[in-house]
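Structure below is entry-v4.csv: CSV, C-alpha atoms and all ligand atoms.
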chain,number,residue,atom,x,y,z
A,1,MET,CA,-27.8,0.0,0.7
A,2,LYS,CA,-26.2,-0.8,4.0
A,3,ILE,CA,-22.5,-1.0,3.2
A,4,LEU,CA,-19.5,-2.0,5.3
A,5,VAL,CA,-16.3,-0.4,4.0
A,6,THR,CA,-13.1,-2.0,5.4
A,7,GLY,CA,-10.1,0.3,5.2
A,8,GLY,CA,-12.6,3.2,5.0
A,9,ALA,CA,-10.2,5.6,6.7
A,10,GLY,CA,-7.5,5.1,4.0
A,11,TYR,CA,-7.0,7.2,0.8
A,12,ILE,CA,-9.3,5.3,-1.5
A,13,GLY,CA,-11.6,3.9,1.2
A,14,SER,CA,-12.4,7.4,2.6
A,15,HIS,CA,-13.3,8.6,-0.9
A,16,ILE,CA,-15.6,5.6,-1.4
A,17,THR,CA,-17.3,6.3,1.9
A,18,ARG,CA,-17.8,9.9,1.0
A,19,GLN,CA,-19.3,9.1,-2.4
A,20,ALA,CA,-21.6,6.4,-0.8
A,21,GLN,CA,-22.8,9.0,1.7
A,22,ARG,CA,-23.5,11.4,-1.1
A,23,GLN,CA,-25.6,8.7,-2.7
A,24,SER,CA,-27.5,8.3,0.6
A,25,HIS,CA,-26.2,4.8,1.4
A,26,ASP,CA,-25.9,3.8,5.0
A,27,VAL,CA,-22.1,3.3,5.5
A,28,CYS,CA,-20.2,1.8,8.3
A,29,VAL,CA,-16.4,2.0,8.3
A,30,LEU,CA,-14.1,-0.7,9.7
A,31,ASP,CA,-10.5,0.3,10.1
A,32,ASP,CA,-7.6,-0.3,12.5
A,33,PHE,CA,-6.3,3.2,11.8
A,34,SER,CA,-2.8,1.9,11.4
A,35,THR,CA,-2.4,3.8,8.2
A,36,GLY,CA,-5.9,5.3,7.9
A,37,ASN,CA,-6.7,8.8,9.2
A,38,GLU,CA,-9.3,9.7,11.8
A,39,TRP,CA,-10.1,13.0,10.0
A,40,ALA,CA,-11.0,11.1,6.9
A,41,VAL,CA,-14.1,9.5,8.4
A,42,LYS,CA,-17.1,11.7,9.1
A,43,ASP,CA,-20.7,11.2,10.0
A,44,CYS,CA,-20.8,7.4,10.0
A,45,GLU,CA,-20.5,4.5,12.4
A,46,THR,CA,-16.9,3.5,12.8
A,47,LEU,CA,-15.6,0.1,14.0
A,48,ARG,CA,-12.0,0.3,15.2
A,49,VAL,CA,-10.9,-3.3,14.4
A,50,ASN,CA,-7.9,-5.1,13.0
A,51,LEU,CA,-9.0,-8.0,10.8
A,52,LEU,CA,-6.4,-10.2,12.5
A,53,ASP,CA,-8.3,-9.8,15.8
A,54,LYS,CA,-10.8,-12.6,15.2
A,55,ASP,CA,-12.7,-12.2,18.6
A,56,LEU,CA,-13.3,-8.5,18.2
A,57,LEU,CA,-14.2,-8.9,14.5
A,58,LYS,CA,-16.7,-11.6,15.5
A,59,LYS,CA,-18.2,-9.4,18.2
A,60,CYS,CA,-18.5,-6.3,15.9
A,61,LEU,CA,-20.1,-8.1,12.9
A,62,ARG,CA,-22.4,-10.4,14.9
A,63,GLY,CA,-26.0,-10.0,13.7
A,64,ARG,CA,-25.1,-7.2,11.2
A,65,ASN,CA,-27.0,-7.4,8.0
A,66,PHE,CA,-25.0,-5.4,5.5
A,67,ASP,CA,-26.2,-5.6,1.8
A,68,GLY,CA,-22.5,-5.8,0.9
A,69,VAL,CA,-18.9,-5.3,1.9
A,70,ILE,CA,-16.3,-3.2,0.1
A,71,HIS,CA,-13.0,-4.6,1.3
A,72,LEU,CA,-10.0,-2.5,1.1
A,73,ALA,CA,-8.3,-3.0,4.5
A,74,ALA,CA,-4.8,-4.2,3.6
A,75,LYS,CA,-1.2,-3.3,3.4
A,76,SER,CA,-0.5,-1.8,0.0
A,77,LEU,CA,3.1,-0.7,-0.7
A,78,VAL,CA,5.0,-2.8,-3.2
A,79,GLY,CA,8.5,-2.0,-1.8
A,80,GLU,CA,7.5,-2.6,1.8
A,81,SER,CA,6.0,-6.0,0.7
A,82,ILE,CA,9.4,-7.1,-0.7
A,83,ILE,CA,11.1,-6.2,2.6
A,84,ASN,CA,8.4,-7.6,4.9
A,85,PRO,CA,6.5,-10.3,3.1
A,86,TYR,CA,5.2,-11.9,6.3
A,87,THR,CA,3.2,-8.8,7.2
A,88,TYR,CA,1.7,-8.7,3.8
A,89,TYR,CA,0.7,-12.4,3.7
A,90,GLU,CA,-0.7,-12.2,7.2
A,91,ASN,CA,-2.6,-8.9,6.8
A,92,ASN,CA,-3.8,-9.3,3.3
A,93,ILE,CA,-4.6,-13.0,3.2
A,94,VAL,CA,-5.4,-14.0,6.8
A,95,GLY,CA,-7.2,-10.7,7.4
A,96,SER,CA,-9.4,-11.3,4.3
A,97,LEU,CA,-10.1,-14.9,5.4
A,98,ASN,CA,-11.2,-13.7,8.8
A,99,LEU,CA,-13.5,-11.1,7.3
A,100,LEU,CA,-15.0,-13.6,4.8
A,101,ASN,CA,-15.6,-16.1,7.6
A,102,GLU,CA,-17.5,-13.6,9.6
A,103,MET,CA,-19.4,-12.4,6.5
A,104,LEU,CA,-20.6,-16.0,5.8
A,105,ARG,CA,-21.4,-16.6,9.5
A,106,ASN,CA,-23.7,-13.5,9.3
A,107,ASP,CA,-25.3,-14.3,5.9
A,108,ILE,CA,-23.5,-11.4,4.1
A,109,HIS,CA,-22.9,-12.7,0.6
A,110,ARG,CA,-21.7,-9.8,-1.5
A,111,ILE,CA,-18.2,-8.4,-1.6
A,112,VAL,CA,-16.4,-5.9,-3.8
A,113,PHE,CA,-12.7,-6.5,-3.4
A,114,SER,CA,-9.9,-3.9,-3.8
A,115,SER,CA,-7.3,-5.5,-6.1
A,116,THR,CA,-4.5,-4.1,-8.1
A,117,ALA,CA,-2.7,-3.9,-11.5
A,118,ALA,CA,0.2,-5.5,-9.6
A,119,ILE,CA,-1.4,-8.9,-10.1
A,120,PHE,CA,-0.4,-8.8,-13.8
A,121,GLY,CA,3.3,-8.5,-13.1
A,122,ASN,CA,5.4,-7.4,-16.1
A,123,PRO,CA,2.7,-6.9,-18.7
A,124,ARG,CA,3.0,-8.7,-22.1
A,125,THR,CA,0.8,-6.1,-23.8
A,126,ASN,CA,0.8,-2.3,-23.3
A,127,ILE,CA,-2.9,-2.2,-22.8
A,128,ILE,CA,-4.1,-4.7,-20.2
A,129,ARG,CA,-7.4,-6.5,-20.4
A,130,GLU,CA,-8.9,-8.6,-17.6
A,131,ASP,CA,-7.8,-11.8,-19.3
A,132,HIS,CA,-4.1,-10.8,-19.4
A,133,PRO,CA,-2.0,-13.5,-17.7
A,134,LYS,CA,-1.5,-13.0,-14.0
A,135,ASN,CA,2.1,-13.3,-12.9
A,136,PRO,CA,2.7,-10.9,-9.9
A,137,ILE,CA,6.3,-10.1,-9.3
A,138,ASN,CA,6.1,-8.9,-5.7
A,139,PRO,CA,4.5,-10.2,-2.4
A,140,TYR,CA,1.8,-7.4,-2.5
A,141,GLY,CA,0.5,-8.5,-5.9
A,142,ARG,CA,0.7,-12.1,-4.9
A,143,THR,CA,-1.4,-11.6,-1.8
A,144,LYS,CA,-4.1,-9.8,-3.8
A,145,LEU,CA,-4.1,-12.6,-6.4
A,146,VAL,CA,-4.5,-15.3,-3.7
A,147,VAL,CA,-7.6,-13.4,-2.3
A,148,GLU,CA,-9.0,-12.9,-5.9
A,149,ASN,CA,-8.7,-16.7,-6.5
A,150,PHE,CA,-10.2,-17.5,-3.1
A,151,LEU,CA,-13.2,-15.3,-3.9
A,152,ASN,CA,-13.6,-17.0,-7.2
A,153,ASP,CA,-13.6,-20.4,-5.5
A,154,LEU,CA,-16.2,-19.2,-2.9
A,155,SER,CA,-18.4,-18.0,-5.7
A,156,ILE,CA,-18.1,-21.4,-7.5
A,157,SER,CA,-19.2,-23.1,-4.3
A,158,LYS,CA,-22.2,-20.6,-4.3
A,159,LYS,CA,-21.1,-19.2,-0.9
A,160,LEU,CA,-20.9,-15.6,-2.1
A,161,SER,CA,-20.7,-13.3,-5.0
A,162,ALA,CA,-17.7,-11.1,-5.7
A,163,VAL,CA,-16.4,-8.3,-7.9
A,164,CYS,CA,-12.6,-7.7,-8.0
A,165,LEU,CA,-11.6,-4.2,-9.0
A,166,ARG,CA,-8.0,-3.8,-10.1
A,167,TYR,CA,-6.8,-0.3,-9.7
A,168,PHE,CA,-4.2,1.2,-11.9
A,169,ASN,CA,-2.7,4.5,-10.6
A,170,ALA,CA,-5.3,6.1,-8.2
A,171,ALA,CA,-4.7,9.8,-8.0
A,172,GLY,CA,-6.3,13.2,-7.2
A,173,ALA,CA,-8.5,14.3,-4.3
A,174,ASP,CA,-12.2,14.9,-3.6
A,175,PRO,CA,-13.0,18.4,-5.2
A,176,ASP,CA,-14.7,19.5,-2.0
A,177,GLY,CA,-11.3,19.7,-0.4
A,178,GLU,CA,-11.8,17.7,2.7
A,179,LEU,CA,-10.2,14.5,1.6
A,180,GLY,CA,-7.1,13.6,-0.3
A,181,GLU,CA,-3.9,11.5,-0.4
A,182,ALA,CA,-1.9,11.6,2.8
A,183,HIS,CA,0.3,8.6,3.1
A,184,ASP,CA,3.2,8.4,5.5
A,185,PRO,CA,5.7,7.7,4.0
A,186,GLU,CA,4.5,9.1,0.7
A,187,THR,CA,5.8,7.1,-2.3
A,188,HIS,CA,3.3,7.9,-5.0
A,189,LEU,CA,4.3,10.1,-8.0
A,190,ILE,CA,1.9,13.0,-7.9
A,191,PRO,CA,1.9,13.7,-4.1
A,192,THR,CA,5.7,13.2,-4.0
A,193,ILE,CA,6.1,15.8,-6.8
A,194,LEU,CA,3.7,18.3,-5.0
A,195,ASN,CA,5.5,17.6,-1.6
A,196,SER,CA,8.8,18.4,-3.2
A,197,TYR,CA,7.7,22.0,-4.0
A,198,ASP,CA,7.8,22.5,-0.2
A,199,ARG,CA,11.4,21.2,-0.1
A,200,ALA,CA,13.0,23.4,-2.7
A,201,LYS,CA,16.6,22.2,-2.0
A,202,GLN,CA,15.8,18.4,-2.4
A,203,PRO,CA,15.2,17.6,-6.0
A,204,PHE,CA,12.4,15.3,-7.0
A,205,LYS,CA,13.8,12.0,-8.2
A,206,VAL,CA,12.7,10.6,-11.6
A,207,PHE,CA,13.2,6.8,-11.3
A,208,GLY,CA,14.9,6.2,-14.7
A,209,ASN,CA,14.7,7.9,-18.1
A,210,ASP,CA,16.0,5.0,-20.3
A,211,TYR,CA,12.9,2.9,-20.4
A,212,PRO,CA,11.6,1.8,-23.9
A,213,THR,CA,9.0,4.6,-24.0
A,214,PRO,CA,8.9,7.8,-26.1
A,215,ASP,CA,10.6,10.0,-23.5
A,216,GLY,CA,12.3,7.2,-21.6
A,217,THR,CA,10.3,7.5,-18.4
A,218,CYS,CA,7.6,5.0,-17.2
A,219,ILE,CA,4.1,5.3,-18.5
A,220,ARG,CA,1.1,4.8,-16.2
A,221,ASP,CA,-2.6,5.1,-16.2
A,222,TYR,CA,-3.8,7.7,-13.7
A,223,VAL,CA,-7.4,7.4,-12.6
A,224,HIS,CA,-9.2,9.8,-10.3
A,225,VAL,CA,-10.0,8.5,-6.8
A,226,ASN,CA,-13.7,9.6,-7.0
A,227,ASP,CA,-14.1,7.8,-10.4
A,228,LEU,CA,-12.7,4.7,-8.6
A,229,ALA,CA,-15.2,5.3,-5.8
A,230,ASP,CA,-18.1,5.4,-8.3
A,231,ALA,CA,-17.0,2.1,-9.8
A,232,HIS,CA,-17.2,0.4,-6.4
A,233,LEU,CA,-20.7,1.6,-5.9
A,234,LEU,CA,-21.7,0.4,-9.4
A,235,ALA,CA,-20.1,-3.0,-8.7
A,236,LEU,CA,-22.1,-3.4,-5.4
A,237,GLN,CA,-25.2,-2.4,-7.3
A,238,LYS,CA,-24.5,-5.1,-9.9
A,239,LEU,CA,-24.1,-7.7,-7.1
A,240,GLN,CA,-27.7,-6.9,-5.9
A,241,ASN,CA,-28.9,-8.5,-9.2
A,242,THR,CA,-26.1,-10.8,-10.4
A,243,ASP,CA,-24.5,-13.8,-8.7
A,244,GLY,CA,-21.0,-15.1,-9.3
A,245,PHE,CA,-17.5,-13.7,-9.8
A,246,SER,CA,-16.4,-10.9,-12.0
A,247,GLU,CA,-13.2,-8.8,-12.5
A,248,TYR,CA,-12.7,-5.3,-13.9
A,249,ASN,CA,-9.6,-3.3,-14.6
A,250,LEU,CA,-10.1,0.3,-13.4
A,251,GLY,CA,-8.0,2.8,-15.2
A,252,SER,CA,-8.6,5.8,-17.4
A,253,SER,CA,-6.9,4.0,-20.4
A,254,VAL,CA,-5.0,7.2,-20.9
A,255,LYS,CA,-1.2,7.0,-21.0
A,256,ASN,CA,1.0,9.5,-19.2
A,257,SER,CA,4.8,9.3,-18.7
A,258,VAL,CA,6.5,10.5,-15.5
A,259,MET,CA,7.8,13.5,-17.6
A,260,GLU,CA,4.3,14.3,-18.7
A,261,VAL,CA,3.1,14.2,-15.1
A,262,ILE,CA,5.9,16.6,-14.2
A,263,LYS,CA,5.0,19.0,-17.0
A,264,THR,CA,1.3,19.0,-16.0
A,265,CYS,CA,2.2,19.6,-12.3
A,266,GLU,CA,4.3,22.6,-13.5
A,267,GLY,CA,1.4,23.9,-15.5
A,268,VAL,CA,-1.2,23.5,-12.7
A,269,THR,CA,1.0,24.9,-10.0
A,270,GLY,CA,2.6,27.6,-12.2
A,271,ARG,CA,6.0,26.6,-10.8
A,272,PRO,CA,9.0,24.8,-12.3
A,273,LEU,CA,10.0,21.6,-10.6
A,274,ASN,CA,13.5,21.0,-9.3
A,275,TYR,CA,14.1,17.4,-10.4
A,276,GLU,CA,17.0,14.9,-11.2
A,277,ILE,CA,17.2,11.6,-12.9
A,278,ASP,CA,17.8,8.7,-10.5
A,279,GLU,CA,18.2,4.8,-10.8
A,280,HIS,CA,15.3,2.6,-11.8
A,281,ARG,CA,13.1,1.6,-8.8
A,282,LEU,CA,13.0,-2.2,-8.3
A,283,GLY,CA,9.9,-3.8,-9.8
A,284,ASP,CA,8.7,-0.9,-11.9
A,285,PRO,CA,7.3,-2.1,-15.3
A,286,ALA,CA,7.9,0.4,-18.2
A,287,VAL,CA,4.2,0.7,-19.2
A,288,LEU,CA,1.0,-0.2,-17.2
A,289,VAL,CA,-2.2,0.9,-18.8
A,290,ALA,CA,-5.7,-0.5,-18.4
A,291,ASP,CA,-8.2,-1.5,-21.1
A,292,ASN,CA,-11.3,-0.2,-19.2
A,293,THR,CA,-13.8,-1.3,-21.9
A,294,LYS,CA,-15.3,-4.0,-19.7
A,295,ALA,CA,-16.0,-1.7,-16.7
A,296,LEU,CA,-17.5,0.9,-19.1
A,297,THR,CA,-19.8,-1.5,-20.8
A,298,GLU,CA,-20.7,-3.9,-18.0
A,299,LEU,CA,-20.8,-1.6,-15.0
A,300,GLY,CA,-21.9,1.5,-16.9
A,301,TRP,CA,-18.9,3.3,-15.4
A,302,GLN,CA,-18.3,6.8,-16.7
A,303,PRO,CA,-15.1,8.4,-15.4
A,304,VAL,CA,-15.6,12.1,-15.0
A,305,PHE,CA,-12.0,13.3,-14.3
A,306,ASN,CA,-10.9,12.2,-17.8
A,307,ASN,CA,-7.7,14.1,-18.1
A,308,LEU,CA,-4.5,14.6,-16.1
A,309,ASP,CA,-4.9,18.4,-15.7
A,310,LYS,CA,-8.2,17.9,-13.9
A,311,ILE,CA,-6.8,15.1,-11.7
A,312,ILE,CA,-3.7,17.1,-10.7
A,313,GLU,CA,-5.8,20.3,-10.0
A,314,THR,CA,-7.7,18.4,-7.4
A,315,ALA,CA,-4.5,17.0,-5.9
A,316,TRP,CA,-2.9,20.5,-5.9
A,317,ASN,CA,-6.0,22.1,-4.2
A,318,TRP,CA,-5.8,19.4,-1.5
A,319,HIS,CA,-2.0,19.8,-1.1
A,320,LYS,CA,-2.4,23.5,-0.6
A,321,ARG,CA,-5.0,22.9,2.2
A,322,LEU,CA,-2.7,20.3,3.8
A,323,SER,CA,0.3,22.6,3.9
A,324,MET,CA,-1.7,25.6,5.2
A,401,LIG,N1,8.1,7.7,-9.6
A,401,LIG,C1,9.2,8.5,-9.7
A,401,LIG,N2,9.6,9.1,-8.6
A,401,LIG,C2,9.0,9.0,-7.4
A,401,LIG,C3,7.8,8.2,-7.3
A,401,LIG,C4,7.4,7.5,-8.5
A,401,LIG,O1,9.8,8.6,-10.8
A,401,LIG,O2,9.4,9.6,-6.4
A,401,LIG,C5,7.6,6.9,-10.8
A,401,LIG,C6,7.7,5.4,-10.7
A,401,LIG,O3,8.9,4.9,-11.0
A,401,LIG,C7,6.6,5.0,-11.6
A,401,LIG,C8,5.6,6.2,-11.6
A,401,LIG,O4,6.3,7.3,-11.1
A,401,LIG,O5,7.0,4.9,-12.9
A,401,LIG,C9,4.3,5.9,-10.7
A,401,LIG,O6,4.8,5.5,-9.4
A,401,LIG,P1,3.8,5.3,-8.2
A,401,LIG,O7,4.6,4.9,-7.0
A,401,LIG,O8,3.0,6.6,-8.1
A,401,LIG,O9,2.8,4.2,-8.6
A,401,LIG,P2,3.2,2.7,-9.1
A,401,LIG,O10,2.9,2.7,-10.6
A,401,LIG,O11,4.5,2.2,-8.7
A,401,LIG,O12,2.1,1.9,-8.3
A,401,LIG,C10,0.9,1.5,-8.9
A,401,LIG,C11,-0.1,1.3,-7.8
A,401,LIG,C12,0.2,0.1,-6.9
A,401,LIG,C13,0.5,-1.1,-7.8
A,401,LIG,C14,1.6,-0.8,-8.8
A,401,LIG,C15,1.8,-2.0,-9.7
A,401,LIG,O13,-0.2,2.4,-7.0
A,401,LIG,O14,-0.8,-0.2,-6.0
A,401,LIG,O15,1.1,0.3,-9.6
A,401,LIG,O16,3.0,-1.8,-10.4
A,401,LIG,F1,0.9,-2.2,-7.1
Any chance you could give the structure as structure tokens?
Amino acid sequence: MKILVTGGAGYIGSHITRQAQRQSHDVCVLDDFSTGNEWAVKDCETLRVNLLDKDLLKKCLRGRNFDGVIHLAAKSLVGESIINPYTYYENNIVGSLNLLNEMLRNDIHRIVFSSTAAIFGNPRTNIIREDHPKNPINPYGRTKLVVENFLNDLSISKKLSAVCLRYFNAAGADPDGELGEAHDPETHLIPTILNSYDRAKQPFKVFGNDYPTPDGTCIRDYVHVNDLADAHLLALQKLQNTDGFSEYNLGSSVKNSVMEVIKTCEGVTGRPLNYEIDEHRLGDPAVLVADNTKALTELGWQPVFNNLDKIIETAWNWHKRLSM
């Protein structure tokens, strides 16, 4: 397939691009490199475009006949979205509208959209199915839900077909060692723990140990980034044969608390972690775990990195390379 990956220089986007290349797809990356990394894109056409730059976008996509678009280009930090909602509404919603406009103008009718567990807000059930009520509690989640709803409306009007993939906690790194998580600033749990091994005097902060969970720390569903990548390619494959709108929760369906992640990091690295208990972080639900049954059965998705040790080993190998 000829695939356009927007945000293809970012953490998840670059792993999708690499997996697509491994499967011999013809990939083109579109990224403004505001948070993406040049080193993360190799051996493919690259369009340096910000989705808010309508003229440049129009010029770059004119006459292009992609079989489908995997759309990740967006701002994606919950905390930042609370401080700066305008940037989130503009980038994530207006940017997506601009992209969709150019797709339709060029007869590109298939899109896989990068969505998030944040659209569910505070979950009412511990295991979240696709039909769980959607009540996002921060601007990031709200912008993703607006785009999901718009894609649904476009599919009803028969303008295009869409699959929305809601990530739970993306983690790990490509086992080949050339790609991995490198955000600046880093806020995600596993890379923050691994980074704190390099700063022995600054303890890692556990955001709360009095949640209603067995050990008092938040429970999440960590899913390997290459498994997420595979799901995108399966979703695009599905769109070659099926019209309409569909949605999938992408997680491992395995529960791990922050303390369990710390213990696993200590096991993988062979080093004790210097940590302390801190306040709750604003907007953190106690438990967020996906029911991934629909993705397994309908997409034929088969996550390979099905335990936390394997996921953290790949993250640690990447971390060691980064800090060399
Ligand atoms: N945590 C710490 N200390 C840290 C960093 C994280 O204790 O320094 C804890 C958090 O409180 C949370 C868990 O580790 O309980 C995971 O935190 P992450 O920041 O790694 O991930 P989130 O669960 O906050 O974020 C995920 C996705 C987002 C999505 C969000 C929805 O990465 O895209 O879930 O709540 F929006």
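Distances to A:Arg281 were evaluated for A:Ile312, A:Thr217, A:Phe245, A:Trp318 using all atoms listed in the file, and the minimum falls at A:Thr217.
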Between atom CA of A:Asn292 and atom CA of A:Arg129, what is the spacing in Å?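 Between atom CA of A:Arg129 and atom CA of A:Asn292 the gap works out to 7.5 Å.
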Which one is closest to ligand LIG 401 (chain A): A:Leu47, A:Val289, A:Leu189, A:Met324? Count only C-alpha atoms and all ligand atoms. A:Leu189
Find the spatial neighbours of A:Glu45, counting only C-alpha atoms, within a cut-off of 12 Å - ignore same-chain residues fewer than 3 positions away - and output them as a PyMOL selection string. chain A and resi 2-5+8-9+17+21+26-31+41-42+48+60
How many Å separate atom CA of A:Leu51 from atom CA of A:Gly95?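 Pair atom CA of A:Leu51 / atom CA of A:Gly95 returns 4.7 Å.
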Would you pick out the contacts of A:Asp32 at 12 Å or less, using all atoms listed in the file, so that residues sharing its chain but fewer than 3 positions from it are not included, and give the list as a compact mmCIF listing (two decimals) with C-alpha atoms, in the coordinates of the input?
# COMPACT_ATOMS: atom_id res chain seq x y z
CA THR A 6 -13.10 -2.00 5.40
CA GLY A 7 -10.10 0.30 5.20
CA GLY A 8 -12.60 3.20 5.00
CA ALA A 9 -10.20 5.60 6.70
CA GLY A 10 -7.50 5.10 4.00
CA VAL A 29 -16.40 2.00 8.30
CA THR A 35 -2.40 3.80 8.20
CA GLY A 36 -5.90 5.30 7.90
CA ASN A 37 -6.70 8.80 9.20
CA GLU A 38 -9.30 9.70 11.80
CA THR A 46 -16.90 3.50 12.80
CA LEU A 47 -15.60 0.10 14.00
CA ARG A 48 -12.00 0.30 15.20
CA VAL A 49 -10.90 -3.30 14.40
CA ASN A 50 -7.90 -5.10 13.00
CA LEU A 51 -9.00 -8.00 10.80
CA LEU A 52 -6.40 -10.20 12.50
CA ASP A 53 -8.30 -9.80 15.80
CA LEU A 56 -13.30 -8.50 18.20
CA LEU A 57 -14.20 -8.90 14.50
CA LEU A 72 -10.00 -2.50 1.10
CA ALA A 73 -8.30 -3.00 4.50
CA ALA A 74 -4.80 -4.20 3.60
CA LYS A 75 -1.20 -3.30 3.40
CA ASN A 91 -2.60 -8.90 6.80
CA GLY A 95 -7.20 -10.70 7.40
6 Å from ligand LIG 401 (chain A) is the threshold here; counting all atoms listed in the file, which polymer residues fall inside it? Answer as a PDB file with C-alpha atoms, in the frame of the given file.
ATOM      1  CA  VAL A  78       5.000  -2.800  -3.200  1.00  0.00           C
ATOM      2  CA  THR A 116      -4.500  -4.100  -8.100  1.00  0.00           C
ATOM      3  CA  ALA A 117      -2.700  -3.900 -11.500  1.00  0.00           C
ATOM      4  CA  ALA A 118       0.200  -5.500  -9.600  1.00  0.00           C
ATOM      5  CA  PHE A 168      -4.200   1.200 -11.900  1.00  0.00           C
ATOM      6  CA  ASN A 169      -2.700   4.500 -10.600  1.00  0.00           C
ATOM      7  CA  THR A 187       5.800   7.100  -2.300  1.00  0.00           C
ATOM      8  CA  HIS A 188       3.300   7.900  -5.000  1.00  0.00           C
ATOM      9  CA  LEU A 189       4.300  10.100  -8.000  1.00  0.00           C
ATOM     10  CA  THR A 192       5.700  13.200  -4.000  1.00  0.00           C
ATOM     11  CA  LYS A 205      13.800  12.000  -8.200  1.00  0.00           C
ATOM     12  CA  VAL A 206      12.700  10.600 -11.600  1.00  0.00           C
ATOM     13  CA  PHE A 207      13.200   6.800 -11.300  1.00  0.00           C
ATOM     14  CA  CYS A 218       7.600   5.000 -17.200  1.00  0.00           C
ATOM     15  CA  VAL A 258       6.500  10.500 -15.500  1.00  0.00           C
ATOM     16  CA  ARG A 281      13.100   1.600  -8.800  1.00  0.00           C
ATOM     17  CA  ASP A 284       8.700  -0.900 -11.900  1.00  0.00           C
TER      18      ASP A 284
END
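The point (-18.0, -8.8, 0.8) has these residues within 9 Å of it, counting all atoms listed in the file: Leu4, Asp67, Gly68, Val69, Ile70, His71, Leu99, Leu100, Met103, Ile108, His109, Arg110, Ile111, Val112, Phe113, Leu160, Ser161, Ala162 and Val163 of chain A.
Note that the spacing between atom CA of A:Ile262 and atom CA of A:His183 amounts to 19.9 Å.
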Can you work out which one of A:Leu236, A:Ile219, A:Ile127, A:Leu61 has the shortest atom-to-atom distance to A:Ser257, counting only C-alpha atoms?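 Among the listed residues, the smallest separation from A:Ser257 belongs to A:Ile219.
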Which protein, DNA or RNA residues are at most 6 Å from (-5.7, -8.1, -2.7) in the file's coordinates when you count only C-alpha atoms, listed as a list in words?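 The residues near that point, listed by chain and number, are Ser115, Thr143, Lys144 and Val147 of chain A.
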Could you name the residues that touch A:Pro185 at 12 Å or less, counting all atoms listed in the file, but leaving out those on the same chain fewer than 4 positions away, as a short mmCIF file (atom, residue, chain, number, x, y, z; two decimals) with C-alpha atoms, keeping the file's coordinate frame?
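The file below, part38.cif, is the result:
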data_model
loop_
_atom_site.label_atom_id
_atom_site.label_comp_id
_atom_site.auth_asym_id
_atom_site.auth_seq_id
_atom_site.Cartn_x
_atom_site.Cartn_y
_atom_site.Cartn_z
CA THR A 35 -2.40 3.80 8.20
CA LEU A 77 3.10 -0.70 -0.70
CA GLY A 79 8.50 -2.00 -1.80
CA GLU A 80 7.50 -2.60 1.80
CA GLU A 181 -3.90 11.50 -0.40
CA PRO A 191 1.90 13.70 -4.10
CA THR A 192 5.70 13.20 -4.00
CA ASN A 195 5.50 17.60 -1.60
#
With distances taken over only C-alpha atoms, which of A:Leu239, A:Ile193, A:Val146, A:Met1 is nearest to A:Ser96? A:Val146
At a cut-off of 7 Å, using only C-alpha atoms, what residues contact A:Asn122? Leave out same-chain residues fewer than 2 positions from it and give the result as a compact mmCIF listing (two decimals) with C-alpha atoms, keeping the file's coordinate frame.
# COMPACT_ATOMS: atom_id res chain seq x y z
CA PHE A 120 -0.40 -8.80 -13.80
CA ARG A 124 3.00 -8.70 -22.10
CA PRO A 285 7.30 -2.10 -15.30
Kindly indicate which residue among A:Asp278, A:Asp291, A:Asp198, A:Asp174 lies nearest to A:Glu313, using only C-alpha atoms for the distances. A:Asp174
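Of the listed residues A:His25, A:Arg166, A:Arg105, A:Arg18, the one whose atoms come nearest to A:Arg64 is A:Arg105, with distances taken using all atoms listed in the file.
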Excluding A:Ile311 and residues on its chain fewer than 4 positions from it, collect all residues at most 8 Å away from it, counting only C-alpha atoms, and give them as a list of chain:residue names.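 Contacts, with the query itself left out: A:Ala171, A:Gly172, A:Ala173, A:Val223, A:His224, A:Phe305, A:Asn306, A:Asn307, A:Ala315.
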